[in-house]
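As structure tokens, the structure follows; a few thoughts come after it.
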Amino acid sequence: MAEKKIRVLLGTRKGAYVAESDLKRRTWKVLPVSNAGREVYHVVADPRHPGHLYAAVNDWMFGPMVHRSEDGGKHWKEIGTPLMPSSKERNPQMNLDGGEVQRPKHAITNLWHVEPGHPDQPNTLFLGADPHKLFRSDDLGRSWEPVSSINEHPTKKDWAPGAGGPCMHTILIDPRDARRMYVGMSAAGTFRTDDGGETWRAANRGVETPFLPTRFPEVGQCVHHVVLDAEDPTTAYRQDHGGMYVSHDGMESWKRIGKFFDDDFGFAVASARTLPGRAFFIPLEGRSRVTAQGGLQVFEWNDPKKKWRALMSPKAFPGHYGVHREGMATDGLAPAGIYVGTTTGQLIVSADAGKSWRQVPFQFPGIHSVQVANPPL
């Protein structure tokens with residue numbers, strides 16, 4: 001029998017958390033933290049293996065690592081990590097007393113995103129990393145191989161780091177075609193493969209780069225996050241440094257939809273399985289990276305109607321909030337649940353597709369990512 005629980009998975013500045021609720025999503029229980037004190041950029045459930053969760057963990061001393069739980073987040077263990085550093089490589093730093101300490105030098109700066117493979121590939125995982133790297137595992141994370149076709153793409157000379165570093169933060173697999181994938185990198189843009197990663201091509205036509213001399217280059221866009229539509233995976237929604245966009249042709253081209261706002265800068269975008277044709281965005285002020293209009297706001301884009309709708313008044317949660325690129329998620333229930341995690345540690349939930357909102361009564365560390373393990377877990 002399927003479990004009658006919803007689990008929200010949080011990667012934070014000080015560990016990984018799992019928040020549980022029944023399907024009404026009104027009362028919440030927070031499980032004990034894992035990887036306490038470590039930066040966890042992403043936590044995700046593997047729907048192919050019920051109960052399996054993965055976490056992209058980054059430790060200031062010991063470097064990046066991948067952890068897995070096989071019991072829904074109660075217990076975790078470290079598994080394989082790509083490009084482990086040589087014990088001979090050292091990076092001297094100063095301690096608080098002015099003396100030199102030895103910190104390991106790592107081939108990877110941070111791990112950003114773990115993506116379970118297509119249902120037809122039950123042992124495959126993908127991993128996005130800084131600097132601009134994609135890795136693949138075909139043994140559930142025991143070993144990893146770099147995907148050289150994208151890591152050493154011919155356009156790489158025109159890639160640059162975003163403010164968060166040269167990170168590969170978005171990995172999307174077409175649910176209808178295991179050979180079609182998309183990745184997003186800051187500041188390089190989005191790329192598409194139709195042959196399982198053998199070859200890749202840039203997929204940024206129509207996306208503006210206001211920070212470069214060329215307004216619409218082939219690559220160099222600072223994409224912040226991308227999601228596929230729940231019903232039609234050829235439709236994608238995109239939040240960039242340079243605006244909000246939609247694509248209706250598998251990212252072959254993009255159309256800007258965010259000019260409705262005074263500033264359509266932001267990081268987060270999400271879509272809901274039970275609300276096809278709609279996407280949710282959280283606009284921020286591009287200069288300060290916090291919410292505008294005096295409070296947190298979530299907006300819904302209705303793609304068939306080409307209309308925007310505010311789902312939250314800024315008076316509901318007044319103040320200046322930050323929301324990271326994976327700081328918003330949805331569940332697969334009807335009505336859809338929407339979950340927003342802030343950089344100041346609030347988890348704010350709507351259980352009715354945005355009609356009403358309430359805060360989970362728990363103060364988390366700053367939240368990097370929010371994902372949902374849809375029932376059954």
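Following the order of the structure tokens, chains are lettered A, B, ..., residues in each are numbered from 1, and ligands are numbered from 1.
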(request) Fewer than 3 positions away in the same chain doesn't count, so skip those; otherwise give me all residues within 12 Å of Asp195 of chain A, counting only C-alpha atoms, as a list in words. (result) Ser149, Ile173, Asp174, Asp177, Ala178, Arg179, Arg180, Met181, Tyr182, Arg192, Glu198, Thr199, Trp200 and Arg201 of chain A
Could you list, as number ranges by chain, every residue within 10 Å of segment 54-57 of chain A, counting only C-alpha atoms and ignoring same-chain residues fewer than 2 positions away? A: 9-13, 15-16, 34-35, 38-46, 52, 59, 63-70, 72-73, 76-79, 81, 110-116, 125, 127-129, 141
Residues of the last selection are to be written out with C-alpha atoms, as a PDB file, in the first residue's frame.
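Just written: out-v8.pdb:
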```pdb
ATOM      1  CA  LEU A   9      13.659  17.401   0.804  1.00  0.00           C
ATOM      2  CA  LEU A  10      15.792  20.409   1.692  1.00  0.00           C
ATOM      3  CA  GLY A  11      19.420  21.115   0.963  1.00  0.00           C
ATOM      4  CA  THR A  12      20.684  23.862   3.269  1.00  0.00           C
ATOM      5  CA  ARG A  13      23.801  25.713   4.344  1.00  0.00           C
ATOM      6  CA  GLY A  15      22.868  20.018   6.273  1.00  0.00           C
ATOM      7  CA  ALA A  16      20.049  18.064   4.618  1.00  0.00           C
ATOM      8  CA  SER A  34      21.992  14.738   8.125  1.00  0.00           C
ATOM      9  CA  ASN A  35      25.432  16.086   7.213  1.00  0.00           C
ATOM     10  CA  ARG A  38      27.926  20.917   5.683  1.00  0.00           C
ATOM     11  CA  GLU A  39      26.685  22.762   2.628  1.00  0.00           C
ATOM     12  CA  VAL A  40      24.122  20.585   0.848  1.00  0.00           C
ATOM     13  CA  TYR A  41      23.251  22.082  -2.527  1.00  0.00           C
ATOM     14  CA  HIS A  42      20.665  19.511  -3.615  1.00  0.00           C
ATOM     15  CA  VAL A  43      18.637  16.585  -2.266  1.00  0.00           C
ATOM     16  CA  VAL A  44      16.498  14.468  -4.596  1.00  0.00           C
ATOM     17  CA  ALA A  45      14.406  11.284  -4.474  1.00  0.00           C
ATOM     18  CA  ASP A  46      14.941   8.510  -7.004  1.00  0.00           C
ATOM     19  CA  HIS A  52      16.280   6.194  -2.165  1.00  0.00           C
ATOM     20  CA  ASP A  59      32.435  20.212   2.901  1.00  0.00           C
ATOM     21  CA  GLY A  63      35.501  18.652  -0.392  1.00  0.00           C
ATOM     22  CA  PRO A  64      32.494  17.484  -2.413  1.00  0.00           C
ATOM     23  CA  MET A  65      30.821  14.131  -1.867  1.00  0.00           C
ATOM     24  CA  VAL A  66      27.652  12.261  -2.788  1.00  0.00           C
ATOM     25  CA  HIS A  67      25.486  10.688  -0.078  1.00  0.00           C
ATOM     26  CA  ARG A  68      22.621   8.225  -0.414  1.00  0.00           C
ATOM     27  CA  SER A  69      19.801   7.211   1.894  1.00  0.00           C
ATOM     28  CA  GLU A  70      17.847   4.016   1.241  1.00  0.00           C
ATOM     29  CA  GLY A  72      13.693   7.936   3.090  1.00  0.00           C
ATOM     30  CA  GLY A  73      16.302  10.034   4.855  1.00  0.00           C
ATOM     31  CA  TRP A  76      22.751   8.208   5.009  1.00  0.00           C
ATOM     32  CA  LYS A  77      26.097   6.959   3.726  1.00  0.00           C
ATOM     33  CA  GLU A  78      28.707   8.354   1.382  1.00  0.00           C
ATOM     34  CA  ILE A  79      28.979   6.711  -2.030  1.00  0.00           C
ATOM     35  CA  THR A  81      32.482  10.905  -5.786  1.00  0.00           C
ATOM     36  CA  ASN A 110      31.200  22.029  -5.605  1.00  0.00           C
ATOM     37  CA  LEU A 111      28.547  19.486  -6.527  1.00  0.00           C
ATOM     38  CA  TRP A 112      25.340  21.210  -7.597  1.00  0.00           C
ATOM     39  CA  HIS A 113      22.728  18.736  -8.782  1.00  0.00           C
ATOM     40  CA  VAL A 114      21.996  14.990  -8.768  1.00  0.00           C
ATOM     41  CA  GLU A 115      19.564  13.702 -11.408  1.00  0.00           C
ATOM     42  CA  PRO A 116      18.200  10.128 -11.503  1.00  0.00           C
ATOM     43  CA  LEU A 125      22.584   8.833 -12.361  1.00  0.00           C
ATOM     44  CA  LEU A 127      25.761  14.755 -11.536  1.00  0.00           C
ATOM     45  CA  GLY A 128      26.339  18.443 -12.260  1.00  0.00           C
ATOM     46  CA  ALA A 129      29.421  20.136 -10.840  1.00  0.00           C
ATOM     47  CA  GLY A 141      26.905   6.169  -7.907  1.00  0.00           C
TER      48      GLY A 141
END
```
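Residues in contact range of segment 225-237 of chain A, defined as at most 6 Å between only C-alpha atoms, with sequence neighbours fewer than 4 positions away removed, read Tyr245, Val246, Ser247, His248, Asp249, Gly250, Arg273, Pro276 and Arg325 of chain A.
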Using only C-alpha atoms, please write the residues we just selected to a file, as an mmCIF file, in the first residue's frame.
```
data_model
loop_
_atom_site.group_PDB
_atom_site.id
_atom_site.type_symbol
_atom_site.label_atom_id
_atom_site.label_comp_id
_atom_site.auth_asym_id
_atom_site.auth_seq_id
_atom_site.Cartn_x
_atom_site.Cartn_y
_atom_site.Cartn_z
ATOM 1 C CA TYR A 245 11.272 32.732 -21.043
ATOM 2 C CA VAL A 246 9.226 29.899 -22.525
ATOM 3 C CA SER A 247 10.118 27.456 -25.307
ATOM 4 C CA HIS A 248 7.615 25.359 -27.271
ATOM 5 C CA ASP A 249 10.077 23.455 -29.445
ATOM 6 C CA GLY A 250 12.424 21.596 -27.124
ATOM 7 C CA ARG A 273 2.472 17.686 -12.613
ATOM 8 C CA PRO A 276 0.187 21.415 -17.200
ATOM 9 C CA ARG A 325 17.656 28.577 -8.176
#
```
Arg7 of chain A proximity check over A:Ile171, A:Val269, A:Val372, A:Ile348, using only C-alpha atoms: winner is A:Val372
Do you know which residues are at most 6 Å from Val183 of chain A counting only C-alpha atoms, after dropping those on the same chain fewer than 2 positions away, and could you put them as a PDB file with N, CA and C atoms, in the first residue's frame?
```pdb
ATOM      1  N   THR A 170      21.527  22.490 -13.775  1.00  0.00           N
ATOM      2  CA  THR A 170      20.254  21.966 -14.263  1.00  0.00           C
ATOM      3  C   THR A 170      20.521  20.785 -15.183  1.00  0.00           C
ATOM      4  N   ILE A 171      19.850  19.661 -14.911  1.00  0.00           N
ATOM      5  CA  ILE A 171      19.922  18.466 -15.750  1.00  0.00           C
ATOM      6  C   ILE A 171      18.494  17.971 -15.932  1.00  0.00           C
ATOM      7  N   THR A 190      21.951  26.943 -22.027  1.00  0.00           N
ATOM      8  CA  THR A 190      21.381  25.602 -22.083  1.00  0.00           C
ATOM      9  C   THR A 190      21.889  24.879 -23.326  1.00  0.00           C
ATOM     10  N   PHE A 191      21.998  23.541 -23.191  1.00  0.00           N
ATOM     11  CA  PHE A 191      22.467  22.672 -24.271  1.00  0.00           C
ATOM     12  C   PHE A 191      21.565  21.448 -24.344  1.00  0.00           C
TER      13      PHE A 191
END
```
- Mind checking which residues fall within 8 Å of Trp301 of chain A, counting only C-alpha atoms, ignoring those fewer than 3 positions away in the same chain, and posting them as number ranges by chain? A: 278-281, 306-309
Which of segment 5-216 of chain A fall in strand (DSSP E or B), as a ChimeraX atom specification | /A:6-12,15-21,29-30,34,39-45,53-59,63-69,77-78,90-94,100-104,110-116,125-130,133-137,145-146,162,165,167-173,181-186,189-193,201-202
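Using only C-alpha atoms for every distance, the candidate list A:Gln297, A:Glu218, A:Ala163, A:Phe135 yields A:Phe135 as the residue closest to Ile150 of chain A.
Distance annotation: of A:Pro82, A:Ile338, A:Ile6, A:Pro32, the residue with the minimal separation from Phe364 of chain A is A:Pro32; atom set is only C-alpha atoms.
Checking A:Arg142, A:His153, A:His75, A:His169 one by one against Asp130 of chain A, counting only C-alpha atoms, you find the shortest gap at A:His169.
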Shell around Asp138 of chain A at 12 Å using only C-alpha atoms, local window under 4 positions removed, as a ChimeraX atom specification: /A:80,116-118,121-127,142-146
Would you write out those residues with N, CA and C atoms, as a short mmCIF file (atom, residue, chain, number, x, y, z; two decimals), in the first residue's frame?
```
data_model
loop_
_atom_site.label_atom_id
_atom_site.label_comp_id
_atom_site.auth_asym_id
_atom_site.auth_seq_id
_atom_site.Cartn_x
_atom_site.Cartn_y
_atom_site.Cartn_z
N GLY A 80 30.21 6.92 -4.12
CA GLY A 80 31.32 7.40 -4.95
C GLY A 80 31.23 8.88 -5.26
N PRO A 116 18.42 11.53 -11.15
CA PRO A 116 18.20 10.13 -11.50
C PRO A 116 17.94 10.00 -13.00
N GLY A 117 18.40 8.89 -13.57
CA GLY A 117 18.24 8.68 -15.00
C GLY A 117 16.81 8.33 -15.39
N HIS A 118 16.63 8.08 -16.66
CA HIS A 118 15.33 7.71 -17.22
C HIS A 118 14.85 6.40 -16.61
N GLN A 121 16.49 3.30 -17.60
CA GLN A 121 17.89 3.14 -17.20
C GLN A 121 17.97 3.17 -15.68
N PRO A 122 17.55 2.10 -15.01
CA PRO A 122 17.34 2.15 -13.55
C PRO A 122 18.60 2.32 -12.72
N ASN A 123 19.78 2.13 -13.30
CA ASN A 123 21.02 2.27 -12.54
C ASN A 123 21.82 3.51 -12.90
N THR A 124 21.22 4.41 -13.70
CA THR A 124 21.94 5.57 -14.19
C THR A 124 21.64 6.81 -13.35
N LEU A 125 22.69 7.55 -13.04
CA LEU A 125 22.58 8.83 -12.36
C LEU A 125 23.44 9.85 -13.12
N PHE A 126 23.04 11.12 -13.03
CA PHE A 126 23.84 12.20 -13.57
C PHE A 126 24.15 13.19 -12.45
N LEU A 127 25.29 13.85 -12.58
CA LEU A 127 25.76 14.75 -11.54
C LEU A 127 26.33 16.00 -12.19
N ARG A 142 28.38 4.26 -7.60
CA ARG A 142 29.61 3.67 -7.10
C ARG A 142 30.82 4.20 -7.87
N SER A 143 30.62 4.51 -9.14
CA SER A 143 31.69 5.08 -9.95
C SER A 143 31.08 6.09 -10.92
N TRP A 144 31.91 7.04 -11.37
CA TRP A 144 31.44 8.12 -12.23
C TRP A 144 32.42 8.32 -13.39
N GLU A 145 31.86 8.70 -14.54
CA GLU A 145 32.67 9.04 -15.70
C GLU A 145 32.28 10.42 -16.19
N PRO A 146 33.25 11.25 -16.55
CA PRO A 146 32.91 12.56 -17.11
C PRO A 146 32.26 12.43 -18.49
#
```
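Of note, atom CA of Leu284 of chain A and atom CA of Tyr321 of chain A are spaced 8.7 Å apart.
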Please identify all polymer residues within 7 Å of Ala272 of chain A, counting only C-alpha atoms, omitting same-chain residues fewer than 6 positions from it, and present them as a PyMOL selection string. chain A and resi 230+330-332+336
| query | If you run DSSP on the backbone, which residues of segment 59-268 of chain A are helix (DSSP H, G or I), as a PyMOL selection string? | reply | chain A and resi 148-151+154-158+258-260
Go ahead and dump the residues you just picked, N, CA and C atoms, as a compact mmCIF listing (two decimals), in the first residue's frame.
```txt
# COMPACT_ATOMS: atom_id res chain seq x y z
N SER A 148 32.50 13.88 -21.57
CA SER A 148 33.45 14.78 -22.22
C SER A 148 32.83 15.58 -23.35
N SER A 149 31.79 15.04 -23.98
CA SER A 149 31.18 15.71 -25.12
C SER A 149 30.59 17.06 -24.75
N ILE A 150 30.14 17.23 -23.52
CA ILE A 150 29.67 18.55 -23.06
C ILE A 150 30.74 19.25 -22.24
N ASN A 151 31.50 18.51 -21.46
CA ASN A 151 32.52 19.14 -20.62
C ASN A 151 33.59 19.84 -21.46
N PRO A 154 32.94 22.45 -28.03
CA PRO A 154 33.70 23.43 -28.82
C PRO A 154 33.44 24.89 -28.44
N THR A 155 32.29 25.18 -27.83
CA THR A 155 31.99 26.57 -27.45
C THR A 155 32.53 26.93 -26.07
N LYS A 156 33.26 26.03 -25.43
CA LYS A 156 33.66 26.25 -24.04
C LYS A 156 34.50 27.51 -23.87
N LYS A 157 35.22 27.90 -24.89
CA LYS A 157 36.04 29.11 -24.80
C LYS A 157 35.21 30.35 -24.53
N ASP A 158 33.90 30.27 -24.82
CA ASP A 158 33.02 31.41 -24.61
C ASP A 158 32.17 31.29 -23.34
N GLY A 258 8.62 37.70 -19.47
CA GLY A 258 8.67 38.40 -18.19
C GLY A 258 8.64 39.90 -18.24
N LYS A 259 8.41 40.49 -19.41
CA LYS A 259 8.40 41.95 -19.49
C LYS A 259 7.20 42.56 -18.78
N PHE A 260 6.28 41.70 -18.35
CA PHE A 260 5.17 42.13 -17.49
C PHE A 260 5.69 42.79 -16.21
```
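If only C-alpha atoms are the atoms counted, then among A:Pro213, A:Phe317, A:Asp352, A:Gly189 the closest residue to Met251 of chain A is A:Gly189.
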